[in-house]
>>> print(open('entry_17.cif').read())   # mmCIF, C-alpha atoms and all ligand atoms
data_structure
#
loop_
_atom_site.label_atom_id
_atom_site.label_comp_id
_atom_site.auth_asym_id
_atom_site.auth_seq_id
_atom_site.Cartn_x
_atom_site.Cartn_y
_atom_site.Cartn_z
CA MET A 1 3.45 71.25 29.17
CA PRO A 2 3.53 73.94 31.86
CA ALA A 3 4.95 72.86 35.20
CA PRO A 4 2.28 72.30 37.87
CA LEU A 5 3.50 75.35 39.77
CA MET A 6 1.68 78.58 40.53
CA ASP A 7 2.67 81.13 37.94
CA VAL A 8 3.97 83.70 40.43
CA PHE A 9 7.57 83.44 39.21
CA ALA A 10 9.08 83.65 35.74
CA PRO A 11 12.56 82.09 35.87
CA PRO A 12 14.74 81.83 32.76
CA PRO A 13 15.23 78.32 31.34
CA ILE A 14 18.44 77.47 33.21
CA ASP A 15 18.72 74.75 35.86
CA PHE A 16 21.59 75.08 38.30
CA VAL A 17 22.65 71.83 39.89
CA ARG A 18 25.76 72.80 41.83
CA GLY A 19 27.53 75.82 43.26
CA GLU A 20 30.97 76.63 44.54
CA GLY A 21 31.98 79.99 45.97
CA VAL A 22 30.68 82.72 43.65
CA TRP A 23 30.05 80.24 40.81
CA LEU A 24 26.94 78.31 39.79
CA TYR A 25 27.01 75.33 37.41
CA THR A 26 24.39 73.77 35.14
CA GLU A 27 24.06 70.05 34.48
CA SER A 28 26.12 70.39 31.30
CA GLY A 29 28.89 72.16 33.23
CA GLU A 30 28.20 75.73 32.09
CA LYS A 31 29.55 78.16 34.68
CA TYR A 32 27.87 81.40 35.80
CA LEU A 33 29.28 84.19 37.96
CA ASP A 34 26.69 84.79 40.68
CA PHE A 35 26.44 88.48 41.58
CA ILE A 36 22.95 88.36 43.04
CA ALA A 37 23.45 85.44 45.47
CA GLY A 38 19.83 84.35 45.69
CA ILE A 39 18.87 87.98 46.41
CA ALA A 40 21.54 88.77 49.00
CA VAL A 41 21.08 85.41 50.70
CA ASN A 42 24.17 83.32 49.90
CA SER A 43 26.39 85.61 51.94
CA LEU A 44 29.15 83.00 52.05
CA GLY A 45 28.73 81.85 48.47
CA HIS A 46 27.70 78.35 47.49
CA ALA A 47 28.68 75.14 49.27
CA HIS A 48 30.86 76.89 51.86
CA PRO A 49 32.70 73.97 53.49
CA GLN A 50 32.24 75.14 57.11
CA ILE A 51 28.53 75.78 56.66
CA ALA A 52 27.97 72.54 54.77
CA ALA A 53 29.78 70.66 57.55
CA ALA A 54 27.73 72.36 60.28
CA LEU A 55 24.49 71.46 58.52
CA SER A 56 25.37 67.85 57.76
CA GLU A 57 26.71 67.25 61.26
CA GLN A 58 23.46 68.55 62.75
CA ALA A 59 21.41 66.60 60.19
CA GLY A 60 22.85 63.39 61.61
CA LYS A 61 21.87 64.34 65.16
CA LEU A 62 18.57 66.18 65.53
CA TRP A 63 16.35 68.16 63.15
CA HIS A 64 13.34 69.34 65.04
CA VAL A 65 11.76 69.32 68.47
CA SER A 66 9.66 72.54 68.21
CA ASN A 67 9.74 75.38 70.68
CA MET A 68 7.98 73.17 73.23
CA PHE A 69 11.56 72.37 74.19
CA ARG A 70 14.72 74.39 74.70
CA ILE A 71 17.07 74.54 71.74
CA PRO A 72 20.64 75.25 72.89
CA GLY A 73 21.63 76.64 69.49
CA GLN A 74 19.06 79.41 69.92
CA GLN A 75 20.58 80.54 73.17
CA ALA A 76 24.06 80.54 71.62
CA LEU A 77 23.02 82.44 68.49
CA ALA A 78 20.84 84.94 70.36
CA ALA A 79 23.83 85.72 72.61
CA LYS A 80 25.93 86.46 69.50
CA TYR A 81 23.30 88.77 67.96
CA VAL A 82 22.85 90.55 71.29
CA GLU A 83 26.57 91.07 71.65
CA ALA A 84 26.87 92.44 68.12
CA THR A 85 23.93 94.85 68.36
CA GLY A 86 23.35 95.94 71.93
CA LEU A 87 19.75 94.74 71.56
CA ASP A 88 18.58 92.35 74.27
CA ARG A 89 15.98 89.85 73.07
CA VAL A 90 15.68 87.63 70.01
CA PHE A 91 12.80 85.73 68.39
CA PHE A 92 13.84 83.24 65.70
CA CYS A 93 11.74 82.51 62.62
CA ASN A 94 12.27 81.25 59.06
CA SER A 95 12.06 84.25 56.74
CA GLY A 96 12.12 87.98 56.35
CA THR A 97 8.40 88.42 56.21
CA GLU A 98 7.98 86.43 59.43
CA ALA A 99 10.60 88.59 61.09
CA ILE A 100 8.59 91.65 60.02
CA GLU A 101 5.38 90.16 61.39
CA ALA A 102 7.14 89.61 64.70
CA ALA A 103 8.49 93.18 64.68
CA LEU A 104 5.11 94.76 63.94
CA LYS A 105 3.46 92.66 66.64
CA THR A 106 6.24 93.45 69.13
CA ALA A 107 5.78 97.20 68.55
CA ARG A 108 2.00 97.14 68.89
CA LYS A 109 2.08 94.81 71.89
CA TYR A 110 4.59 97.06 73.65
CA PHE A 111 2.07 99.88 73.72
CA ALA A 112 -0.91 97.62 74.43
CA ALA A 113 0.92 96.17 77.42
CA LYS A 114 1.60 99.72 78.65
CA GLY A 115 -2.12 100.46 78.54
CA GLU A 116 -1.97 102.45 75.28
CA PRO A 117 -3.57 100.09 72.74
CA GLU A 118 -4.74 103.08 70.69
CA ARG A 119 -1.11 103.59 69.64
CA PHE A 120 -0.85 101.06 66.81
CA ARG A 121 -0.04 103.07 63.67
CA ILE A 122 3.32 102.60 61.99
CA ILE A 123 5.03 105.06 59.66
CA THR A 124 6.60 103.43 56.59
CA PHE A 125 8.33 104.70 53.43
CA GLU A 126 7.67 104.85 49.73
CA GLY A 127 9.64 102.21 47.87
CA ALA A 128 9.71 99.98 50.96
CA PHE A 129 9.69 96.20 50.76
CA HIS A 130 9.02 94.13 53.85
CA GLY A 131 7.88 90.79 52.44
CA ARG A 132 4.70 89.19 51.13
CA SER A 133 2.57 88.35 54.17
CA TYR A 134 -0.65 90.35 54.43
CA ALA A 135 0.78 92.72 57.05
CA ALA A 136 4.07 93.01 55.15
CA ILE A 137 2.45 94.03 51.86
CA ASN A 138 0.40 96.61 53.73
CA ALA A 139 3.52 97.94 55.42
CA GLY A 140 5.35 98.00 52.09
CA GLY A 141 2.48 99.73 50.32
CA ASN A 142 3.43 98.60 46.80
CA ALA A 143 0.13 98.75 44.87
CA ALA A 144 1.10 95.85 42.60
CA TYR A 145 1.55 93.55 45.60
CA LEU A 146 -1.68 94.70 47.30
CA ASP A 147 -3.96 94.44 44.30
CA GLY A 148 -6.67 91.81 44.57
CA PHE A 149 -6.08 90.85 48.18
CA GLY A 150 -9.05 92.56 49.77
CA PRO A 151 -9.24 95.69 51.86
CA ARG A 152 -6.08 97.50 52.93
CA MET A 153 -5.08 96.73 56.50
CA ASP A 154 -5.35 99.82 58.64
CA GLY A 155 -2.43 101.18 60.61
CA PHE A 156 0.29 102.09 58.11
CA ASP A 157 1.08 105.67 57.11
CA GLN A 158 3.48 105.97 54.20
CA VAL A 159 5.76 108.96 53.59
CA PRO A 160 8.45 109.72 50.97
CA PHE A 161 11.86 108.13 51.64
CA GLY A 162 14.34 110.67 52.95
CA ASP A 163 11.87 113.44 53.83
CA ILE A 164 12.07 114.15 57.57
CA GLU A 165 9.39 116.85 57.53
CA ALA A 166 6.93 114.36 56.04
CA VAL A 167 7.69 111.93 58.87
CA LYS A 168 7.16 114.65 61.47
CA ALA A 169 3.84 115.57 59.89
CA ALA A 170 2.73 111.92 59.89
CA VAL A 171 3.22 111.42 63.65
CA THR A 172 -0.12 111.36 65.49
CA PRO A 173 -1.16 110.31 69.02
CA GLU A 174 -1.89 106.89 67.48
CA THR A 175 1.62 106.39 66.08
CA CYS A 176 3.63 103.63 67.75
CA ALA A 177 6.65 103.12 65.49
CA ILE A 178 8.65 104.02 62.41
CA LEU A 179 9.71 101.13 60.14
CA ILE A 180 12.52 101.66 57.63
CA GLU A 181 15.13 99.74 55.64
CA PRO A 182 18.47 101.54 56.25
CA VAL A 183 19.23 100.57 52.66
CA GLN A 184 16.17 99.89 50.51
CA GLY A 185 16.80 96.78 48.43
CA GLU A 186 13.89 95.88 46.20
CA GLY A 187 12.64 99.49 46.07
CA GLY A 188 15.70 100.63 44.12
CA VAL A 189 18.88 100.06 46.19
CA ARG A 190 18.59 103.39 47.99
CA ALA A 191 20.73 104.01 51.08
CA ALA A 192 19.17 106.29 53.68
CA PRO A 193 21.67 109.04 54.59
CA LEU A 194 23.05 108.47 58.09
CA GLU A 195 21.85 111.95 59.07
CA TYR A 196 18.35 110.84 58.15
CA LEU A 197 18.54 107.77 60.39
CA LYS A 198 19.84 109.95 63.21
CA ALA A 199 16.95 112.38 62.71
CA LEU A 200 14.49 109.47 62.85
CA ARG A 201 16.09 108.26 66.09
CA LYS A 202 15.74 111.74 67.56
CA LEU A 203 12.12 112.00 66.47
CA CYS A 204 11.35 108.61 68.03
CA ASP A 205 12.95 109.71 71.29
CA GLU A 206 10.95 112.95 71.31
CA HIS A 207 7.63 111.17 70.76
CA GLY A 208 8.27 107.89 72.58
CA LEU A 209 8.07 105.93 69.31
CA LEU A 210 9.87 102.70 68.54
CA LEU A 211 12.39 102.73 65.70
CA ILE A 212 12.26 99.50 63.69
CA TYR A 213 14.96 98.68 61.16
CA ASP A 214 14.32 96.12 58.47
CA GLU A 215 17.84 94.78 57.90
CA VAL A 216 16.62 91.62 56.19
CA GLN A 217 18.58 92.53 53.06
CA CYS A 218 21.13 95.13 54.21
CA GLY A 219 22.18 93.35 57.43
CA ALA A 220 24.51 90.37 57.93
CA GLY A 221 27.61 92.22 56.76
CA ARG A 222 26.13 93.24 53.41
CA THR A 223 27.11 96.93 53.68
CA GLY A 224 30.56 96.29 55.15
CA LYS A 225 29.41 96.44 58.78
CA LEU A 226 27.48 93.65 60.47
CA PHE A 227 24.40 95.87 60.33
CA ALA A 228 23.88 98.88 58.10
CA TYR A 229 22.72 101.15 60.95
CA GLN A 230 26.11 100.67 62.62
CA TRP A 231 27.63 103.12 60.13
CA ALA A 232 25.91 105.79 62.28
CA ASP A 233 28.25 105.01 65.20
CA GLY A 234 25.63 104.51 67.88
CA LYS A 235 23.67 107.64 67.00
CA ALA A 236 20.83 105.85 65.22
CA ASP A 237 20.34 102.57 67.05
CA PRO A 238 17.03 100.71 66.65
CA ASP A 239 14.57 99.52 69.29
CA ILE A 240 13.56 96.60 67.10
CA MET A 241 15.31 95.04 64.12
CA THR A 242 14.57 92.28 61.62
CA VAL A 243 17.17 90.07 59.95
CA ALA A 244 16.93 87.11 57.55
CA LYS A 245 18.45 86.48 54.09
CA GLY A 246 22.24 86.58 54.69
CA VAL A 247 22.18 85.37 58.32
CA GLY A 248 21.22 81.89 57.10
CA ALA A 249 23.46 82.03 54.02
CA GLY A 250 20.91 79.92 52.13
CA PHE A 251 19.21 78.07 54.97
CA PRO A 252 15.82 79.61 55.87
CA LEU A 253 16.48 81.70 58.98
CA GLY A 254 15.13 84.99 60.22
CA ALA A 255 15.00 86.82 63.51
CA CYS A 256 13.37 89.76 65.22
CA LEU A 257 15.58 91.51 67.77
CA ALA A 258 14.43 94.05 70.35
CA THR A 259 15.62 95.98 73.35
CA GLU A 260 14.52 94.70 76.75
CA GLU A 261 11.98 97.52 76.91
CA ALA A 262 10.57 97.13 73.40
CA ALA A 263 10.22 93.36 73.93
CA GLY A 264 8.24 94.07 77.09
CA GLY A 265 4.88 93.03 75.69
CA MET A 266 6.09 89.79 74.16
CA GLN A 267 5.27 87.60 77.13
CA PHE A 268 4.40 83.90 77.24
CA GLY A 269 1.89 83.02 74.53
CA ALA A 270 2.01 86.38 72.73
CA HIS A 271 3.66 84.94 69.61
CA GLY A 272 4.97 81.65 68.33
CA THR A 273 6.33 79.48 65.53
CA THR A 274 6.60 75.77 64.86
CA PHE A 275 9.76 75.68 62.77
CA GLY A 276 11.47 78.91 63.83
CA GLY A 277 14.85 78.44 65.46
CA ASN A 278 15.01 74.69 64.79
CA PRO A 279 18.29 72.84 65.39
CA LEU A 280 19.23 72.76 61.69
CA ALA A 281 18.76 76.51 61.27
CA MET A 282 20.64 77.16 64.48
CA ALA A 283 23.58 74.99 63.47
CA VAL A 284 23.87 76.93 60.22
CA GLY A 285 23.14 80.33 61.80
CA ASN A 286 25.85 79.90 64.42
CA ALA A 287 28.42 78.76 61.87
CA VAL A 288 27.56 81.65 59.53
CA TRP A 289 27.75 84.21 62.29
CA ASP A 290 31.16 83.03 63.47
CA ILE A 291 32.51 83.77 59.99
CA LEU A 292 30.73 87.11 59.47
CA ALA A 293 31.66 88.42 62.91
CA ASP A 294 35.38 88.05 62.29
CA PRO A 295 36.69 91.61 61.71
CA ALA A 296 39.14 90.30 59.10
CA PHE A 297 36.20 88.99 57.08
CA MET A 298 34.50 92.38 57.10
CA GLU A 299 37.76 94.05 56.00
CA GLN A 300 37.75 91.88 52.93
CA VAL A 301 34.07 92.72 52.27
CA ASN A 302 34.98 96.41 52.35
CA ALA A 303 37.92 95.87 50.00
CA THR A 304 35.66 94.27 47.38
CA ALA A 305 32.95 96.87 48.04
CA ASN A 306 35.38 99.74 47.49
CA TYR A 307 36.51 98.20 44.24
CA MET A 308 32.89 97.71 43.09
CA SER A 309 32.02 101.29 43.95
CA GLN A 310 35.01 102.70 42.02
CA GLN A 311 34.24 100.55 39.03
CA LEU A 312 30.52 101.31 38.99
CA HIS A 313 31.37 105.02 39.01
CA ARG A 314 33.78 104.39 36.15
CA LEU A 315 30.99 102.65 34.21
CA LYS A 316 28.69 105.58 34.89
CA ASP A 317 31.29 107.91 33.36
CA ALA A 318 31.91 105.53 30.47
CA HIS A 319 28.19 105.15 29.65
CA PRO A 320 26.71 108.57 30.48
CA ASP A 321 23.87 108.02 28.01
CA LYS A 322 22.76 104.84 29.81
CA VAL A 323 23.68 105.11 33.51
CA GLU A 324 22.08 107.79 35.64
CA GLU A 325 23.35 107.02 39.12
CA VAL A 326 25.36 104.63 41.29
CA ARG A 327 23.32 103.54 44.31
CA GLY A 328 23.58 101.59 47.53
CA LYS A 329 26.23 100.69 50.05
CA GLY A 330 28.91 98.04 50.51
CA LEU A 331 28.02 94.96 48.49
CA LEU A 332 24.38 95.97 48.06
CA VAL A 333 24.83 98.30 45.11
CA GLY A 334 22.96 99.31 42.03
CA LEU A 335 23.03 101.29 38.83
CA LYS A 336 20.01 103.41 38.06
CA LEU A 337 19.63 103.36 34.28
CA LYS A 338 18.32 106.10 32.03
CA ASP A 339 14.83 105.79 30.59
CA GLY A 340 15.86 104.49 27.18
CA VAL A 341 17.61 101.39 28.62
CA ALA A 342 15.56 98.72 30.41
CA ASN A 343 17.19 97.07 33.46
CA LYS A 344 15.72 93.70 32.43
CA ASP A 345 17.40 93.91 29.01
CA ILE A 346 20.82 94.54 30.57
CA GLN A 347 20.17 91.80 33.11
CA LYS A 348 19.45 89.39 30.25
CA ALA A 349 22.46 90.52 28.23
CA CYS A 350 24.65 89.83 31.29
CA ARG A 351 23.04 86.43 31.79
CA ASP A 352 23.75 85.55 28.16
CA GLU A 353 27.41 86.30 29.02
CA LYS A 354 27.18 84.09 32.15
CA LEU A 355 26.84 86.85 34.76
CA LEU A 356 23.85 86.75 37.11
CA ILE A 357 22.61 90.07 38.49
CA GLY A 358 19.32 91.39 39.84
CA VAL A 359 16.99 94.27 39.16
CA ALA A 360 15.16 96.63 41.50
CA GLY A 361 12.40 99.22 41.33
CA GLY A 362 12.93 102.42 39.34
CA ASN A 363 14.88 100.83 36.46
CA VAL A 364 17.81 99.82 38.65
CA LEU A 365 20.32 96.98 38.23
CA ARG A 366 21.02 95.33 41.58
CA PHE A 367 24.29 93.67 42.59
CA ALA A 368 24.49 91.61 45.76
CA PRO A 369 27.39 89.21 45.29
CA PRO A 370 28.36 86.70 47.94
CA LEU A 371 30.37 88.57 50.59
CA ILE A 372 33.30 86.27 49.86
CA ALA A 373 33.63 87.76 46.35
CA THR A 374 37.16 89.00 45.66
CA PRO A 375 38.07 92.18 43.77
CA ASP A 376 39.22 89.95 40.92
CA GLU A 377 35.80 88.26 40.71
CA ALA A 378 34.21 91.71 40.85
CA ARG A 379 36.43 92.76 37.93
CA GLN A 380 35.11 89.85 35.87
CA ALA A 381 31.55 90.93 36.62
CA ILE A 382 32.31 94.57 35.79
CA ASP A 383 33.88 93.59 32.45
CA ILE A 384 30.73 91.72 31.41
CA LEU A 385 28.51 94.55 32.59
CA ASP A 386 30.64 97.08 30.73
CA ARG A 387 30.19 95.14 27.49
CA ALA A 388 26.45 94.68 28.06
CA LEU A 389 26.02 98.42 28.61
CA GLY A 390 28.17 99.17 25.56
CA GLN A 391 26.06 96.95 23.32
CA ALA A 392 22.66 98.03 24.68
CA GLY A 393 20.57 99.76 22.05
CA ARG A 394 23.10 98.99 19.28
CA ALA A 395 20.76 96.72 17.32
CA GLU A 396 18.08 99.40 17.13
CA ALA A 397 20.51 102.22 16.27
C1 LIG B 401 13.48 89.98 51.14
C2 LIG B 401 13.02 91.00 52.12
C3 LIG B 401 11.97 90.76 53.01
C4 LIG B 401 11.14 89.49 52.94
O1 LIG B 401 11.90 88.37 53.19
P1 LIG B 401 11.34 86.91 52.79
O2 LIG B 401 12.38 86.00 53.36
O3 LIG B 401 11.23 86.88 51.32
O4 LIG B 401 10.03 86.77 53.46
C5 LIG B 401 11.66 91.72 53.94
N1 LIG B 401 12.33 92.87 53.99
C6 LIG B 401 13.36 93.15 53.15
C7 LIG B 401 14.09 94.44 53.29
C8 LIG B 401 13.72 92.23 52.17
O5 LIG B 401 14.70 92.52 51.32
#
>>> encode(input="entry_17.cif", output="structure tokens")
Amino acid sequence: MPAPLMDVFAPPPIDFVRGEGVWLYTESGEKYLDFIAGIAVNSLGHAHPQIAAALSEQAGKLWHVSNMFRIPGQQALAAKYVEATGLDRVFFCNSGTEAIEAALKTARKYFAAKGEPERFRIITFEGAFHGRSYAAINAGGNAAYLDGFGPRMDGFDQVPFGDIEAVKAAVTPETCAILIEPVQGEGGVRAAPLEYLKALRKLCDEHGLLLIYDEVQCGAGRTGKLFAYQWADGKADPDIMTVAKGVGAGFPLGACLATEEAAGGMQFGAHGTTFGGNPLAMAVGNAVWDILADPAFMEQVNATANYMSQQLHRLKDAHPDKVEEVRGKGLLVGLKLKDGVANKDIQKACRDEKLLIGVAGGNVLRFAPPLIATPDEARQAIDILDRALGQAGRAEA
């Protein structure tokens, strides 16, 4: 009998009941190496003792009061995000798509409040993914996600990823912002060159546009810096930024950050949320951030990331008939496969060998292990992947 669930997902028949670090366990005690981490969410692995303690302590005290009342954890966590980014204002929500909604509204409201409501168009990029709300699917522009949901929402102009001339040509007097993932996740694990981000920053400055980064997937230490744009050393800073996924490490938490100026239109009553920033999320978010923000932690992320990168390049050389390209940055990395090998087949072959990985657009395998993964755990994942690639296509040959 089919489960009484909407058929929008198609999970394999495995039920995980417990996790520890980078490992997931089934009821019967089978052990899987988790190198997708709930799609870059479990940044600190499973059942991290400090995070579990923070959540259960808060659970015994206070869960929810709504934003009718002050929530001290919000003030504490916002101060941490502000210190880490140089942005000034934070709005807390529960997911990536909500963070995007807040960002799009912040950008449009900024111009409306300045008396320029006709500036509402936002430039976005091919291969983008910004979530599944109605505005987010329109910003993302993926036809498969838009199909059947009524007319396209006006106000998004999509250009090829990485093409600065196309962005310049798309700017009109109605443009208010540029929205980009510094590293595209779902669209194929593509990292924007830092020079490209700097060129976008410059273009925004020239035209008075707001630069919005969607760091829902690539933020929270995923690339080996707290935020992916920080690899550009202050030369490509955003006006507005979204975070989610890894900042909650498994608890639903998102945020939209903005400069004082860009947040200028978001005055009393302009936006809201019932659950966003609740005491449980704040207890977890603060505990997660205190771990991520420790420079020693990020050093270890970079050590594992360097190992992964070396090994993925080695696999590309070892399987030239199957692997086209190594993609991504830090611990958000991918292998673009050649046409004859399907990413889903390799993903399944790995799962059969107890390694969990993801896929992404353009026939890409996606790896987003918990940031606590060690080089030795990465080696175990690489060994399984190596075998899966080696065996791919054998049966047919
Ligand atoms: C996952 C994701 C989102 C949407 O986040 P949800 O929490 O699923 O709503 C938005 N942007 C990017 C870049 C993402 O990877």
>>> closest_residue(input="entry_17.cif", among="A:Glu353, A:Asp88, A:Glu215, A:Asp157", to="ligand LIG 401 (chain B)", atoms="only C-alpha atoms and all ligand atoms")
A:Glu215
>>> residues_around(input="entry_17.cif", residues="A:Val167", least_positions_apart="2", cutoff="10 Å", atoms="only C-alpha atoms", output="NGL selection string")
:A and (123-125 or 157-165 or 169-171 or 178 or 200 or 203)
>>> residues_around(input="entry_17.cif", residues="A:Lys235", least_positions_apart="5", cutoff="12 Å", atoms="all atoms listed in the file", output="list in words")
Leu194, Glu195, Tyr196, Leu197, Lys198, Ala199, Leu200, Arg201, Lys202, Asp205, Tyr229 and Gln230 of chain A
>>> atom_distance(input="entry_17.cif", atom1="atom CA of A:Leu62", atom2="atom CA of A:Leu280")
7.6 Å
>>> residues_around(input="entry_17.cif", residues="A:Gly330", least_positions_apart="6", cutoff="8 Å", atoms="only C-alpha atoms", output="list in words")
Arg222, Thr223, Gly224, Val301, Asn302, Ala305, Asn306 and Ser309 of chain A
>>> residues_around(input="entry_17.cif", residues="stretch 5-16 of chain A", least_positions_apart="3", cutoff="10 Å", atoms="all atoms listed in the file", output="VMD selection string")
chain A and resid 2 19 24 to 32 348 351
>>> closest_residue(input="entry_17.cif", among="A:Glu118, A:Asp345, A:Glu261, A:Glu186", to="ligand LIG 401 (chain B)", atoms="all atoms listed in the file")
A:Glu186
>>> residues_near_ligand(input="entry_17.cif", ligand="ligand LIG 401 (chain B)", cutoff="6 Å", atoms="only C-alpha atoms and all ligand atoms", output="list of chain:residue names")
A:Ser95, A:Gly96, A:Thr97, A:Phe129, A:His130, A:Gly131, A:Glu181, A:Gly185, A:Asp214, A:Glu215, A:Val216, A:Gln217
>>> residues_near_point(input="entry_17.cif", point="(31.5, 91.6, 45.0)", cutoff="7 Å", atoms="only C-alpha atoms", output="list of chain:residue names")
A:Phe35, A:Thr304, A:Ala305, A:Met308, A:Leu331, A:Pro369, A:Pro370, A:Leu371, A:Ala373, A:Thr374, A:Pro375, A:Glu377, A:Ala378
>>> residues_near_point(input="entry_17.cif", point="(15.3, 89.9, 65.6)", cutoff="7 Å", atoms="all atoms listed in the file", output="mmCIF file with C-alpha atoms, in the frame of the given file")
data_model
loop_
_atom_site.group_PDB
_atom_site.id
_atom_site.type_symbol
_atom_site.label_atom_id
_atom_site.label_comp_id
_atom_site.auth_asym_id
_atom_site.auth_seq_id
_atom_site.Cartn_x
_atom_site.Cartn_y
_atom_site.Cartn_z
ATOM 1 C CA VAL A 90 15.680 87.630 70.010
ATOM 2 C CA PHE A 91 12.800 85.730 68.390
ATOM 3 C CA PHE A 92 13.840 83.240 65.700
ATOM 4 C CA ALA A 99 10.600 88.590 61.090
ATOM 5 C CA MET A 241 15.310 95.040 64.120
ATOM 6 C CA THR A 242 14.570 92.280 61.620
ATOM 7 C CA VAL A 243 17.170 90.070 59.950
ATOM 8 C CA ALA A 255 15.000 86.820 63.510
ATOM 9 C CA CYS A 256 13.370 89.760 65.220
ATOM 10 C CA LEU A 257 15.580 91.510 67.770
ATOM 11 C CA ALA A 258 14.430 94.050 70.350
#
>>> residues_around(input="entry_17.cif", residues="A:Glu116", least_positions_apart="2", cutoff="12 Å", atoms="all atoms listed in the file", output="ChimeraX atom specification")
/A:107-114,118-121,173-176,208,265
>>> write_last_selection(input="entry_17.cif", atoms="C-alpha atoms", output="PDB file, in the frame of the given file")
ATOM      1  CA  ALA A 107       5.780  97.200  68.550  1.00  0.00           C
ATOM      2  CA  ARG A 108       2.000  97.140  68.890  1.00  0.00           C
ATOM      3  CA  LYS A 109       2.080  94.810  71.890  1.00  0.00           C
ATOM      4  CA  TYR A 110       4.590  97.060  73.650  1.00  0.00           C
ATOM      5  CA  PHE A 111       2.070  99.880  73.720  1.00  0.00           C
ATOM      6  CA  ALA A 112      -0.910  97.620  74.430  1.00  0.00           C
ATOM      7  CA  ALA A 113       0.920  96.170  77.420  1.00  0.00           C
ATOM      8  CA  LYS A 114       1.600  99.720  78.650  1.00  0.00           C
ATOM      9  CA  GLU A 118      -4.740 103.080  70.690  1.00  0.00           C
ATOM     10  CA  ARG A 119      -1.110 103.590  69.640  1.00  0.00           C
ATOM     11  CA  PHE A 120      -0.850 101.060  66.810  1.00  0.00           C
ATOM     12  CA  ARG A 121      -0.040 103.070  63.670  1.00  0.00           C
ATOM     13  CA  PRO A 173      -1.160 110.310  69.020  1.00  0.00           C
ATOM     14  CA  GLU A 174      -1.890 106.890  67.480  1.00  0.00           C
ATOM     15  CA  THR A 175       1.620 106.390  66.080  1.00  0.00           C
ATOM     16  CA  CYS A 176       3.630 103.630  67.750  1.00  0.00           C
ATOM     17  CA  GLY A 208       8.270 107.890  72.580  1.00  0.00           C
ATOM     18  CA  GLY A 265       4.880  93.030  75.690  1.00  0.00           C
TER      19      GLY A 265
END
